[in-house]
Every structure is written in C-alpha cells, then in structure tokens.
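Have a look at query-v8.pdb below; it lists PDB, C-alpha atoms.
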ATOM      1  CA  MET A   1      -8.164 -20.267  -0.926
ATOM      2  CA  ASN A   2      -6.825 -20.064  -4.439
ATOM      3  CA  ASN A   3      -3.087 -20.070  -5.078
ATOM      4  CA  ILE A   4      -2.963 -19.066  -8.736
ATOM      5  CA  SER A   5      -2.441 -15.436  -9.688
ATOM      6  CA  PHE A   6      -3.551 -14.023 -13.012
ATOM      7  CA  THR A   7      -3.375 -10.411 -11.947
ATOM      8  CA  GLY A   8       0.271  -9.675 -11.217
ATOM      9  CA  PHE A   9      -0.313  -9.826  -7.479
ATOM     10  CA  LYS A  10      -1.526 -12.090  -4.684
ATOM     11  CA  ASN A  11      -1.871 -12.279  -0.893
ATOM     12  CA  LEU A  12      -3.440  -8.849  -0.587
ATOM     13  CA  SER A  13      -4.092  -7.628   2.949
ATOM     14  CA  TYR A  14      -5.586  -4.401   4.221
ATOM     15  CA  ALA A  15      -6.454  -2.697   7.513
ATOM     16  CA  LYS A  16      -7.713   0.719   8.515
ATOM     17  CA  ASP A  17      -7.358   2.576  11.819
ATOM     18  CA  LEU A  18      -9.601   5.501  12.649
ATOM     19  CA  TYR A  19      -8.838   7.878  15.505
ATOM     20  CA  GLY A  20     -11.333  10.437  16.766
ATOM     21  CA  SER A  21     -14.091   9.408  14.352
ATOM     22  CA  LYS A  22     -16.556  11.847  15.933
ATOM     23  CA  SER A  23     -14.010  14.654  15.990
ATOM     24  CA  PRO A  24     -13.451  17.161  13.183
ATOM     25  CA  ASN A  25      -9.747  16.328  13.603
ATOM     26  CA  CYS A  26     -10.316  12.686  12.603
ATOM     27  CA  ILE A  27      -7.188  10.776  11.575
ATOM     28  CA  ILE A  28      -7.344   7.803   9.218
ATOM     29  CA  GLN A  29      -4.487   5.351   8.712
ATOM     30  CA  ARG A  30      -4.647   2.787   5.927
ATOM     31  CA  PHE A  31      -2.268  -0.164   5.663
ATOM     32  CA  MET A  32      -2.006  -2.322   2.547
ATOM     33  CA  ASN A  33       0.372  -5.132   1.677
ATOM     34  CA  VAL A  34       0.473  -7.178  -1.512
ATOM     35  CA  GLU A  35       2.846  -9.718  -3.009
ATOM     36  CA  LEU A  36       3.685  -8.994  -6.636
ATOM     37  CA  THR A  37       4.102 -11.621  -9.359
ATOM     38  CA  ASN A  38       4.859 -11.833 -13.068
ATOM     39  CA  ASP A  39       2.187 -13.500 -15.176
ATOM     40  CA  ALA A  40       0.118 -13.203 -18.342
ATOM     41  CA  SER A  41      -1.754 -10.154 -17.004
ATOM     42  CA  GLY A  42       1.259  -8.162 -15.978
ATOM     43  CA  GLN A  43       4.863  -7.963 -15.001
ATOM     44  CA  ASP A  44       4.220  -6.204 -11.705
ATOM     45  CA  LEU A  45       7.103  -7.915  -9.910
ATOM     46  CA  GLU A  46       9.496  -6.954 -12.702
ATOM     47  CA  MET A  47       8.273  -3.350 -12.505
ATOM     48  CA  LEU A  48       8.892  -3.372  -8.738
ATOM     49  CA  LYS A  49      12.396  -4.790  -9.172
ATOM     50  CA  ASN A  50      13.187  -2.140 -11.809
ATOM     51  CA  LEU A  51      11.939   0.614  -9.493
ATOM     52  CA  ILE A  52      14.040  -0.714  -6.595
ATOM     53  CA  LYS A  53      17.100  -1.057  -8.844
ATOM     54  CA  LYS A  54      16.660   2.508 -10.155
ATOM     55  CA  TYR A  55      16.639   3.978  -6.648
ATOM     56  CA  LYS A  56      19.543   1.798  -5.470
ATOM     57  CA  THR A  57      21.631   2.776  -8.498
ATOM     58  CA  GLU A  58      20.710   6.441  -8.884
ATOM     59  CA  ARG A  59      20.030   7.435  -5.284
ATOM     60  CA  ASN A  60      21.714   4.748  -3.144
ATOM     61  CA  PHE A  61      18.287   4.284  -1.584
ATOM     62  CA  ASP A  62      16.875   0.801  -0.876
ATOM     63  CA  LEU A  63      13.096   0.437  -1.274
ATOM     64  CA  THR A  64      13.155  -3.345  -0.771
ATOM     65  CA  ASN A  65      10.555  -4.663   1.662
ATOM     66  CA  PRO A  66      12.446  -6.044   4.697
ATOM     67  CA  LEU A  67      10.080  -9.049   5.091
ATOM     68  CA  ASN A  68       9.872 -10.233   1.501
ATOM     69  CA  PRO A  69      11.414  -8.595  -1.593
ATOM     70  CA  ASN A  70       8.219  -9.335  -3.559
ATOM     71  CA  PHE A  71       6.008  -7.410  -1.112
ATOM     72  CA  VAL A  72       4.800  -3.861  -1.540
ATOM     73  CA  ASN A  73       3.679  -2.295   1.709
ATOM     74  CA  ILE A  74       1.780   0.987   1.501
ATOM     75  CA  PHE A  75       0.856   3.173   4.443
ATOM     76  CA  TYR A  76      -1.425   6.192   4.028
ATOM     77  CA  PHE A  77      -2.026   8.717   6.815
ATOM     78  CA  ASN A  78      -4.761  11.312   6.383
ATOM     79  CA  ALA A  79      -5.543  14.011   8.958
ATOM     80  CA  LYS A  80      -8.527  15.504   7.160
ATOM     81  CA  GLU A  81      -9.071  18.780   8.999
ATOM     82  CA  MET A  82      -5.363  19.574   9.095
ATOM     83  CA  GLY A  83      -5.055  18.802   5.389
ATOM     84  CA  LYS A  84      -2.091  16.527   6.049
ATOM     85  CA  LYS A  85      -1.454  13.396   4.004
ATOM     86  CA  ALA A  86       1.578  11.139   4.261
ATOM     87  CA  PHE A  87       2.552   7.980   2.416
ATOM     88  CA  SER A  88       5.189   5.343   2.937
ATOM     89  CA  PHE A  89       6.457   2.617   0.640
ATOM     90  CA  ASN A  90       7.883  -0.500   2.310
ATOM     91  CA  GLY A  91       8.360   1.439   5.537
ATOM     92  CA  ILE A  92      10.039   4.484   3.987
ATOM     93  CA  VAL A  93       8.169   7.788   4.283
ATOM     94  CA  LEU A  94       7.861   9.453   0.900
ATOM     95  CA  PRO A  95       8.273  13.205   0.634
ATOM     96  CA  LYS A  96       6.462  14.759  -2.308
ATOM     97  CA  ASN A  97       9.113  15.871  -4.778
ATOM     98  CA  LYS A  98      10.521  15.144  -8.245
ATOM     99  CA  VAL A  99      12.670  12.310  -6.915
ATOM    100  CA  THR A 100       9.733  10.354  -5.474
ATOM    101  CA  MET A 101       7.256  10.895  -8.347
ATOM    102  CA  PRO A 102       8.022   7.495  -9.975
ATOM    103  CA  ILE A 103       7.229   5.768  -6.650
ATOM    104  CA  TYR A 104       3.938   7.652  -6.324
ATOM    105  CA  ASP A 105       3.141   6.739  -9.924
ATOM    106  CA  PHE A 106       3.874   3.068  -9.200
ATOM    107  CA  ILE A 107       1.593   3.101  -6.126
ATOM    108  CA  ALA A 108      -1.174   4.889  -8.039
ATOM    109  CA  ARG A 109      -1.088   2.346 -10.890
ATOM    110  CA  LEU A 110      -0.972  -0.611  -8.491
ATOM    111  CA  THR A 111      -3.828   0.597  -6.258
ATOM    112  CA  ASN A 112      -5.933   1.436  -9.313
ATOM    113  CA  LYS A 113      -5.351  -2.060 -10.697
ATOM    114  CA  ILE A 114      -6.213  -3.697  -7.354
ATOM    115  CA  ALA A 115      -9.388  -1.620  -6.974
ATOM    116  CA  GLY A 116     -10.596  -2.751 -10.409
ATOM    117  CA  THR A 117      -9.777  -6.448 -10.099
ATOM    118  CA  PRO A 118     -12.633  -8.965  -9.710
ATOM    119  CA  ASN A 119     -12.643 -10.745  -6.334
ATOM    120  CA  GLU A 120     -12.026 -14.164  -7.869
ATOM    121  CA  LEU A 121      -8.715 -12.854  -9.245
ATOM    122  CA  LEU A 122      -7.444 -11.742  -5.827
ATOM    123  CA  PRO A 123      -5.888 -14.987  -4.554
ATOM    124  CA  VAL A 124      -4.701 -15.456  -0.993
ATOM    125  CA  GLU A 125      -2.624 -18.572  -0.479
ATOM    126  CA  GLU A 126      -3.256 -20.709   2.585
ATOM    127  CA  SER A 127       0.521 -21.158   2.931
ATOM    128  CA  TYR A 128       0.867 -17.365   3.137
ATOM    129  CA  ILE A 129      -1.837 -17.070   5.827
ATOM    130  CA  LYS A 130       0.090 -19.645   7.910
ATOM    131  CA  SER A 131       3.505 -18.107   7.210
ATOM    132  CA  LYS A 132       5.689 -16.200   9.666
ATOM    133  CA  GLU A 133       5.431 -13.140   7.364
ATOM    134  CA  ALA A 134       1.623 -12.765   7.436
ATOM    135  CA  PRO A 135       1.302 -11.318  10.987
ATOM    136  CA  PHE A 136       3.941  -8.656  10.178
ATOM    137  CA  ALA A 137       3.059  -7.880   6.539
ATOM    138  CA  LEU A 138       0.866  -4.834   7.209
ATOM    139  CA  LEU A 139       3.030  -3.177   9.862
ATOM    140  CA  ILE A 140       6.428  -4.557   8.716
ATOM    141  CA  LYS A 141       8.133  -4.515  12.124
ATOM    142  CA  GLU A 142       5.175  -5.030  14.445
ATOM    143  CA  HIS A 143       2.906  -8.028  14.889
ATOM    144  CA  ILE A 144      -0.616  -7.103  13.744
ATOM    145  CA  THR A 145      -2.162  -8.228  17.041
ATOM    146  CA  THR A 146      -0.466  -5.285  18.775
ATOM    147  CA  HIS A 147      -3.112  -3.138  17.012
ATOM    148  CA  VAL A 148      -6.130  -5.417  17.416
ATOM    149  CA  ASP A 149      -8.735  -4.670  20.079
ATOM    150  CA  ASP A 150     -10.172  -8.202  20.267
ATOM    151  CA  VAL A 151      -7.161 -10.530  20.020
ATOM    152  CA  ILE A 152      -9.138 -13.571  21.182
ATOM    153  CA  ASN A 153     -11.588 -13.388  18.250
ATOM    154  CA  PHE A 154      -9.052 -12.118  15.721
ATOM    155  CA  ASN A 155      -8.665 -14.072  12.471
ATOM    156  CA  TYR A 156      -5.955 -13.322   9.872
ATOM    157  CA  ASN A 157      -8.461 -14.025   7.118
ATOM    158  CA  ASP A 158     -10.301 -10.839   8.155
ATOM    159  CA  LEU A 159      -7.344  -8.824   6.851
ATOM    160  CA  HIS A 160      -7.763 -10.414   3.418
ATOM    161  CA  ASN A 161     -11.367  -9.430   2.707
ATOM    162  CA  GLN A 162     -11.329  -8.661  -1.018
ATOM    163  CA  ASP A 163     -14.104  -6.062  -1.042
ATOM    164  CA  TRP A 164     -12.584  -4.222   1.922
ATOM    165  CA  ALA A 165      -9.087  -4.331   0.382
ATOM    166  CA  LYS A 166     -10.343  -3.089  -2.999
ATOM    167  CA  LYS A 167     -12.161  -0.206  -1.327
ATOM    168  CA  GLY A 168      -8.976   0.549   0.648
ATOM    169  CA  ALA A 169      -6.896   0.496  -2.554
ATOM    170  CA  SER A 170      -9.351   2.918  -4.131
ATOM    171  CA  ASN A 171      -9.112   5.263  -1.130
ATOM    172  CA  ILE A 172      -5.305   5.159  -1.180
ATOM    173  CA  ASN A 173      -5.420   5.898  -4.912
ATOM    174  CA  LYS A 174      -7.729   8.898  -4.351
ATOM    175  CA  GLY A 175      -5.395  10.114  -1.591
ATOM    176  CA  ILE A 176      -2.400   9.967  -3.933
ATOM    177  CA  HIS A 177      -4.265  11.847  -6.644
ATOM    178  CA  ALA A 178      -5.332  14.546  -4.164
ATOM    179  CA  ALA A 179      -1.780  14.868  -2.795
ATOM    180  CA  MET A 180      -0.284  15.038  -6.289
ATOM    181  CA  THR A 181      -2.837  17.626  -7.450
ATOM    182  CA  LYS A 182      -1.930  19.784  -4.461
ATOM    183  CA  TYR A 183       1.801  19.224  -5.019
ATOM    184  CA  PHE A 184       1.657  20.156  -8.705
ATOM    185  CA  ASN A 185      -0.552  23.201  -8.046
ATOM    186  CA  VAL A 186       1.899  24.466  -5.409
ATOM    187  CA  SER A 187       4.833  23.734  -7.752
ATOM    188  CA  GLU A 188       3.110  25.636 -10.574
ATOM    189  CA  GLU A 189       2.507  28.608  -8.289
ATOM    190  CA  LYS A 190       6.226  28.702  -7.401
ATOM    191  CA  VAL A 191       7.189  28.649 -11.095
ATOM    192  CA  LEU A 192       4.711  31.405 -11.961
ATOM    193  CA  ARG A 193       6.024  33.739  -9.245
TER     194      ARG A 193
END

Structure re-expressed in structure tokens:
Amino acid sequence: MNNISFTGFKNLSYAKDLYGSKSPNCIIQRFMNVELTNDASGQDLEMLKNLIKKYKTERNFDLTNPLNPNFVNIFYFNAKEMGKKAFSFNGIVLPKNKVTMPIYDFIARLTNKIAGTPNELLPVEESYIKSKEAPFALLIKEHITTHVDDVINFNYNDLHNQDWAKKGASNINKGIHAAMTKYFNVSEEKVLR
C-alpha cells in the first residue's frame, strides 16, 4: 500500500448495504469515509477545517468527526420507491435547507473529486488499516464487523477497493444532485405561490 497522497485525501473506505433487493421498496445505504490532507493537488483538509469552524462559530454546531478530525464520514440512505433520501456528515443527519447547503456542496465536490481520481492516486496506508480507527471509520460508533455476514472471511482491505469506492462516491454524488434538484424545485414552487 502506498502512503503518499497527491489528491487531497487518503485512506478511502466504502461499504454498501442493500435491504429488500427484490422488493420495489428496496433500501440502499452507502457508507464512505476518507481522511483529508493538504497537498499540491488540493487543500481539502483546510477546506474541511474552515467548514467546521464556520458552523462552530456561526451555528454553535460541531461537525468534527469523533474518531479523527481529519476524517469525513458520509452516510447516504435511499428508499427508492418512497422517494426518501437522507444524508449525514460525520454522524450528523443533514436536513435540506439554506443552513446546510455549504455542507452539501462540500460533499458534492469531494465525492465528485474521488469518483474522478485514478486508482493509483487513492492511497491507503498500511498503518491506517492496522489502526484502532479503521474498524470504526465507516460506522463511527460501531465496529464494522457488527454489519458483516461472514466475519471469519472478512478482510479490512475489502472496504478499500478503489473501483468500488469510486463508484460509491459517484452514486452518493448523484444522490446529492437529485436531492438538491428536488429541494430547489420545491423551494421555487413555494416562492412562486
């Protein structure tokens, strides 16, 4: 595993849960965690710190990841048939309103960047894989094995598959765009009335 980041992030992990896959009421949950850095390709960590500072100062609201302040943890819930989508940022559920738009924008930019990054620029450090944080990174307060069907054959490296994580980032990004389109259309309708 490589331990140099030239992308503004490293130690990307991703998992997806699917409930009722044969049902029209299928529910999809996507979990993504990434450690942000500052480097030649971006100041992603600085952007995160500025976002956290803004919400602490202006809203007395702490968006800091409880495991590691450099982590961004994104959860995306999609109940397709019910038309329900929900997002959380570092364990905090995000309503869709003017106050949270900068957070949604941050997630959209980050997931778009991850989805478009070549695999060789998605480093996962061996020290991270062996760390105490890795088993909790995706679920924040729960050990990942509590959601694994085959614990005996489970390998943490499976959560760091670059192609799978990039596809997941793309799906989260599409979900945000769909939710924001719906939000702004509803908001426009209210203004026009």

Residue with the minimum atom-to-atom distance to Ala134 of chain A, picked from A:Phe9, A:Phe184, A:Phe71, A:Tyr55 with all atoms listed in the file counted, is A:Phe71

Residue members of the PyMOL selection byres ((chain A and resi 109) around 12) in the file shown, as a PyMOL selection string: chain A and resi 42+44+47-48+102-108+110-116+169-170+172-174+176-177

Exactly which residues make up the result of the PyMOL selection byres ((chain A and resi 133) around 12) on this file, given as a PyMOL selection string?
chain A and resi 11+13+33-35+65-71+127-132+134-144+156

One decimal place gives the atom CA of Glu126 of chain A-atom CA of Asn157 of chain A separation as 9.6 Å

Excluding Met32 of chain A and any residue of its chain fewer than 4 positions from it, enumerate the residues within 6 Å of it, using only C-alpha atoms, and give them as JSON, numbers by chain. {"A": [13, 14, 73, 74]}

Selection above as a file: C-alpha atoms, as an mmCIF file, in the frame of the given file:
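Written file, result.cif:
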data_model
loop_
_atom_site.group_PDB
_atom_site.id
_atom_site.type_symbol
_atom_site.label_atom_id
_atom_site.label_comp_id
_atom_site.auth_asym_id
_atom_site.auth_seq_id
_atom_site.Cartn_x
_atom_site.Cartn_y
_atom_site.Cartn_z
ATOM 1 C CA SER A 13 -4.092 -7.628 2.949
ATOM 2 C CA TYR A 14 -5.586 -4.401 4.221
ATOM 3 C CA ASN A 73 3.679 -2.295 1.709
ATOM 4 C CA ILE A 74 1.780 0.987 1.501
#

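Taking atom CA of Lys53 of chain A as the reference point, atom CA of Phe75 of chain A is found at 21.4 Å.
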
Might you pull out every residue within 10 Å of Gly175 of chain A, with all atoms listed in the file counted and same-chain residues fewer than 4 positions away left off, and present them as number ranges by chain? A: 76-78, 85-87, 108, 169-171, 179-181

For those residues, write C-alpha atoms to a file as a PDB file, in the frame of the given file.
ATOM      1  CA  TYR A  76      -1.425   6.192   4.028  1.00  0.00           C
ATOM      2  CA  PHE A  77      -2.026   8.717   6.815  1.00  0.00           C
ATOM      3  CA  ASN A  78      -4.761  11.312   6.383  1.00  0.00           C
ATOM      4  CA  LYS A  85      -1.454  13.396   4.004  1.00  0.00           C
ATOM      5  CA  ALA A  86       1.578  11.139   4.261  1.00  0.00           C
ATOM      6  CA  PHE A  87       2.552   7.980   2.416  1.00  0.00           C
ATOM      7  CA  ALA A 108      -1.174   4.889  -8.039  1.00  0.00           C
ATOM      8  CA  ALA A 169      -6.896   0.496  -2.554  1.00  0.00           C
ATOM      9  CA  SER A 170      -9.351   2.918  -4.131  1.00  0.00           C
ATOM     10  CA  ASN A 171      -9.112   5.263  -1.130  1.00  0.00           C
ATOM     11  CA  ALA A 179      -1.780  14.868  -2.795  1.00  0.00           C
ATOM     12  CA  MET A 180      -0.284  15.038  -6.289  1.00  0.00           C
ATOM     13  CA  THR A 181      -2.837  17.626  -7.450  1.00  0.00           C
TER      14      THR A 181
END

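Residue nearest Gly8 of chain A, chosen from A:Asn161, A:Asn97, A:Thr64, A:Thr117 and counting all atoms listed in the file: A:Thr117.
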
Using only C-alpha atoms, the shortest atom-to-atom distance to Val186 of chain A among A:Lys96, A:Ala165, A:Thr145, A:Asn155 belongs to A:Lys96

Will you give me segment 57-174 of chain A, written with C-alpha atoms and laid out as a PDB file, in the first residue's frame?
ATOM      1  CA  THR A  57     -18.739  29.955  15.085  1.00  0.00           C
ATOM      2  CA  GLU A  58     -21.989  30.815  13.315  1.00  0.00           C
ATOM      3  CA  ARG A  59     -24.251  27.995  14.472  1.00  0.00           C
ATOM      4  CA  ASN A  60     -22.569  26.545  17.587  1.00  0.00           C
ATOM      5  CA  PHE A  61     -22.700  23.236  15.737  1.00  0.00           C
ATOM      6  CA  ASP A  62     -19.724  20.833  15.740  1.00  0.00           C
ATOM      7  CA  LEU A  63     -19.213  18.831  12.530  1.00  0.00           C
ATOM      8  CA  THR A  64     -15.893  17.347  13.687  1.00  0.00           C
ATOM      9  CA  ASN A  65     -15.563  13.600  13.168  1.00  0.00           C
ATOM     10  CA  PRO A  66     -15.428  11.987  16.642  1.00  0.00           C
ATOM     11  CA  LEU A  67     -12.772   9.412  15.594  1.00  0.00           C
ATOM     12  CA  ASN A  68     -10.332  11.650  13.761  1.00  0.00           C
ATOM     13  CA  PRO A  69     -10.705  15.380  12.993  1.00  0.00           C
ATOM     14  CA  ASN A  70      -9.264  14.790   9.501  1.00  0.00           C
ATOM     15  CA  PHE A  71     -11.949  12.234   8.587  1.00  0.00           C
ATOM     16  CA  VAL A  72     -15.073  12.924   6.586  1.00  0.00           C
ATOM     17  CA  ASN A  73     -17.732  10.286   7.070  1.00  0.00           C
ATOM     18  CA  ILE A  74     -20.686  10.326   4.683  1.00  0.00           C
ATOM     19  CA  PHE A  75     -23.806   8.221   5.025  1.00  0.00           C
ATOM     20  CA  TYR A  76     -26.437   8.119   2.275  1.00  0.00           C
ATOM     21  CA  PHE A  77     -29.816   6.421   2.721  1.00  0.00           C
ATOM     22  CA  ASN A  78     -32.045   5.940  -0.314  1.00  0.00           C
ATOM     23  CA  ALA A  79     -35.505   4.349  -0.167  1.00  0.00           C
ATOM     24  CA  LYS A  80     -36.198   4.426  -3.893  1.00  0.00           C
ATOM     25  CA  GLU A  81     -39.920   3.705  -4.076  1.00  0.00           C
ATOM     26  CA  MET A  82     -40.717   6.023  -1.182  1.00  0.00           C
ATOM     27  CA  GLY A  83     -38.618   8.774  -2.748  1.00  0.00           C
ATOM     28  CA  LYS A  84     -36.773   9.311   0.524  1.00  0.00           C
ATOM     29  CA  LYS A  85     -33.110  10.287   0.640  1.00  0.00           C
ATOM     30  CA  ALA A  86     -31.133  11.174   3.748  1.00  0.00           C
ATOM     31  CA  PHE A  87     -27.519  12.185   4.251  1.00  0.00           C
ATOM     32  CA  SER A  88     -25.285  12.529   7.263  1.00  0.00           C
ATOM     33  CA  PHE A  89     -21.907  14.184   7.668  1.00  0.00           C
ATOM     34  CA  ASN A  90     -19.649  12.811  10.417  1.00  0.00           C
ATOM     35  CA  GLY A  91     -22.656  11.229  12.106  1.00  0.00           C
ATOM     36  CA  ILE A  92     -24.912  14.292  11.966  1.00  0.00           C
ATOM     37  CA  VAL A  93     -28.076  13.976   9.869  1.00  0.00           C
ATOM     38  CA  LEU A  94     -28.354  16.858   7.434  1.00  0.00           C
ATOM     39  CA  PRO A  95     -31.737  18.426   6.794  1.00  0.00           C
ATOM     40  CA  LYS A  96     -32.068  20.068   3.397  1.00  0.00           C
ATOM     41  CA  ASN A  97     -32.194  23.811   3.984  1.00  0.00           C
ATOM     42  CA  LYS A  98     -30.233  27.033   3.430  1.00  0.00           C
ATOM     43  CA  VAL A  99     -28.115  26.422   6.522  1.00  0.00           C
ATOM     44  CA  THR A 100     -26.821  23.038   5.338  1.00  0.00           C
ATOM     45  CA  MET A 101     -26.233  23.937   1.660  1.00  0.00           C
ATOM     46  CA  PRO A 102     -22.475  24.591   2.165  1.00  0.00           C
ATOM     47  CA  ILE A 103     -22.110  21.096   3.686  1.00  0.00           C
ATOM     48  CA  TYR A 104     -23.959  19.505   0.764  1.00  0.00           C
ATOM     49  CA  ASP A 105     -21.762  21.492  -1.615  1.00  0.00           C
ATOM     50  CA  PHE A 106     -18.631  20.266   0.185  1.00  0.00           C
ATOM     51  CA  ILE A 107     -19.796  16.625  -0.030  1.00  0.00           C
ATOM     52  CA  ALA A 108     -20.721  17.004  -3.706  1.00  0.00           C
ATOM     53  CA  ARG A 109     -17.298  18.446  -4.601  1.00  0.00           C
ATOM     54  CA  LEU A 110     -15.452  15.809  -2.563  1.00  0.00           C
ATOM     55  CA  THR A 111     -17.389  12.825  -3.959  1.00  0.00           C
ATOM     56  CA  ASN A 112     -17.011  14.167  -7.498  1.00  0.00           C
ATOM     57  CA  LYS A 113     -13.255  14.501  -6.991  1.00  0.00           C
ATOM     58  CA  ILE A 114     -12.980  10.979  -5.536  1.00  0.00           C
ATOM     59  CA  ALA A 115     -15.028   9.472  -8.378  1.00  0.00           C
ATOM     60  CA  GLY A 116     -12.688  11.030 -10.954  1.00  0.00           C
ATOM     61  CA  THR A 117      -9.380  10.159  -9.300  1.00  0.00           C
ATOM     62  CA  PRO A 118      -7.172   7.451 -10.859  1.00  0.00           C
ATOM     63  CA  ASN A 119      -6.782   4.355  -8.660  1.00  0.00           C
ATOM     64  CA  GLU A 120      -3.041   4.846  -8.223  1.00  0.00           C
ATOM     65  CA  LEU A 121      -3.764   8.203  -6.556  1.00  0.00           C
ATOM     66  CA  LEU A 122      -6.080   6.690  -3.934  1.00  0.00           C
ATOM     67  CA  PRO A 123      -3.557   5.654  -1.264  1.00  0.00           C
ATOM     68  CA  VAL A 124      -4.460   3.507   1.716  1.00  0.00           C
ATOM     69  CA  GLU A 125      -1.775   3.387   4.375  1.00  0.00           C
ATOM     70  CA  GLU A 126      -0.933   0.059   5.979  1.00  0.00           C
ATOM     71  CA  SER A 127      -0.671   1.855   9.339  1.00  0.00           C
ATOM     72  CA  TYR A 128      -4.269   3.041   8.889  1.00  0.00           C
ATOM     73  CA  ILE A 129      -5.529  -0.476   8.066  1.00  0.00           C
ATOM     74  CA  LYS A 130      -3.932  -1.707  11.323  1.00  0.00           C
ATOM     75  CA  SER A 131      -5.119   1.267  13.387  1.00  0.00           C
ATOM     76  CA  LYS A 132      -7.820   1.250  16.060  1.00  0.00           C
ATOM     77  CA  GLU A 133      -9.797   3.762  13.936  1.00  0.00           C
ATOM     78  CA  ALA A 134     -10.147   1.610  10.791  1.00  0.00           C
ATOM     79  CA  PRO A 135     -12.813  -0.828  12.114  1.00  0.00           C
ATOM     80  CA  PHE A 136     -14.997   2.116  13.238  1.00  0.00           C
ATOM     81  CA  ALA A 137     -14.352   4.592  10.395  1.00  0.00           C
ATOM     82  CA  LEU A 138     -17.413   3.727   8.293  1.00  0.00           C
ATOM     83  CA  LEU A 139     -19.955   3.474  11.111  1.00  0.00           C
ATOM     84  CA  ILE A 140     -18.269   5.899  13.568  1.00  0.00           C
ATOM     85  CA  LYS A 141     -19.593   4.323  16.776  1.00  0.00           C
ATOM     86  CA  GLU A 142     -19.963   0.694  15.727  1.00  0.00           C
ATOM     87  CA  HIS A 143     -17.333  -1.861  14.784  1.00  0.00           C
ATOM     88  CA  ILE A 144     -17.741  -2.761  11.096  1.00  0.00           C
ATOM     89  CA  THR A 145     -17.919  -6.491  11.855  1.00  0.00           C
ATOM     90  CA  THR A 146     -21.308  -5.934  13.514  1.00  0.00           C
ATOM     91  CA  HIS A 147     -22.623  -5.490   9.937  1.00  0.00           C
ATOM     92  CA  VAL A 148     -20.640  -8.233   8.202  1.00  0.00           C
ATOM     93  CA  ASP A 149     -22.311 -11.536   7.345  1.00  0.00           C
ATOM     94  CA  ASP A 150     -19.096 -13.575   7.059  1.00  0.00           C
ATOM     95  CA  VAL A 151     -16.864 -12.339   9.895  1.00  0.00           C
ATOM     96  CA  ILE A 152     -14.464 -15.281   9.584  1.00  0.00           C
ATOM     97  CA  ASN A 153     -13.523 -14.429   5.975  1.00  0.00           C
ATOM     98  CA  PHE A 154     -13.773 -10.662   6.400  1.00  0.00           C
ATOM     99  CA  ASN A 155     -10.748  -8.566   5.406  1.00  0.00           C
ATOM    100  CA  TYR A 156     -10.491  -4.800   6.051  1.00  0.00           C
ATOM    101  CA  ASN A 157      -8.793  -4.383   2.689  1.00  0.00           C
ATOM    102  CA  ASP A 158     -12.124  -5.277   1.041  1.00  0.00           C
ATOM    103  CA  LEU A 159     -13.525  -1.969   2.302  1.00  0.00           C
ATOM    104  CA  HIS A 160     -10.765  -0.092   0.471  1.00  0.00           C
ATOM    105  CA  ASN A 161     -11.388  -1.350  -3.062  1.00  0.00           C
ATOM    106  CA  GLN A 162     -10.710   1.721  -5.201  1.00  0.00           C
ATOM    107  CA  ASP A 163     -13.094   0.910  -8.050  1.00  0.00           C
ATOM    108  CA  TRP A 164     -15.917   0.103  -5.630  1.00  0.00           C
ATOM    109  CA  ALA A 165     -15.264   3.266  -3.585  1.00  0.00           C
ATOM    110  CA  LYS A 166     -15.145   5.468  -6.697  1.00  0.00           C
ATOM    111  CA  LYS A 167     -18.431   4.015  -7.919  1.00  0.00           C
ATOM    112  CA  GLY A 168     -19.891   4.596  -4.434  1.00  0.00           C
ATOM    113  CA  ALA A 169     -18.658   8.210  -4.447  1.00  0.00           C
ATOM    114  CA  SER A 170     -20.300   8.707  -7.830  1.00  0.00           C
ATOM    115  CA  ASN A 171     -23.598   7.280  -6.545  1.00  0.00           C
ATOM    116  CA  ILE A 172     -23.507   9.497  -3.449  1.00  0.00           C
ATOM    117  CA  ASN A 173     -22.797  12.476  -5.709  1.00  0.00           C
ATOM    118  CA  LYS A 174     -25.775  11.613  -7.953  1.00  0.00           C
TER     119      LYS A 174
END
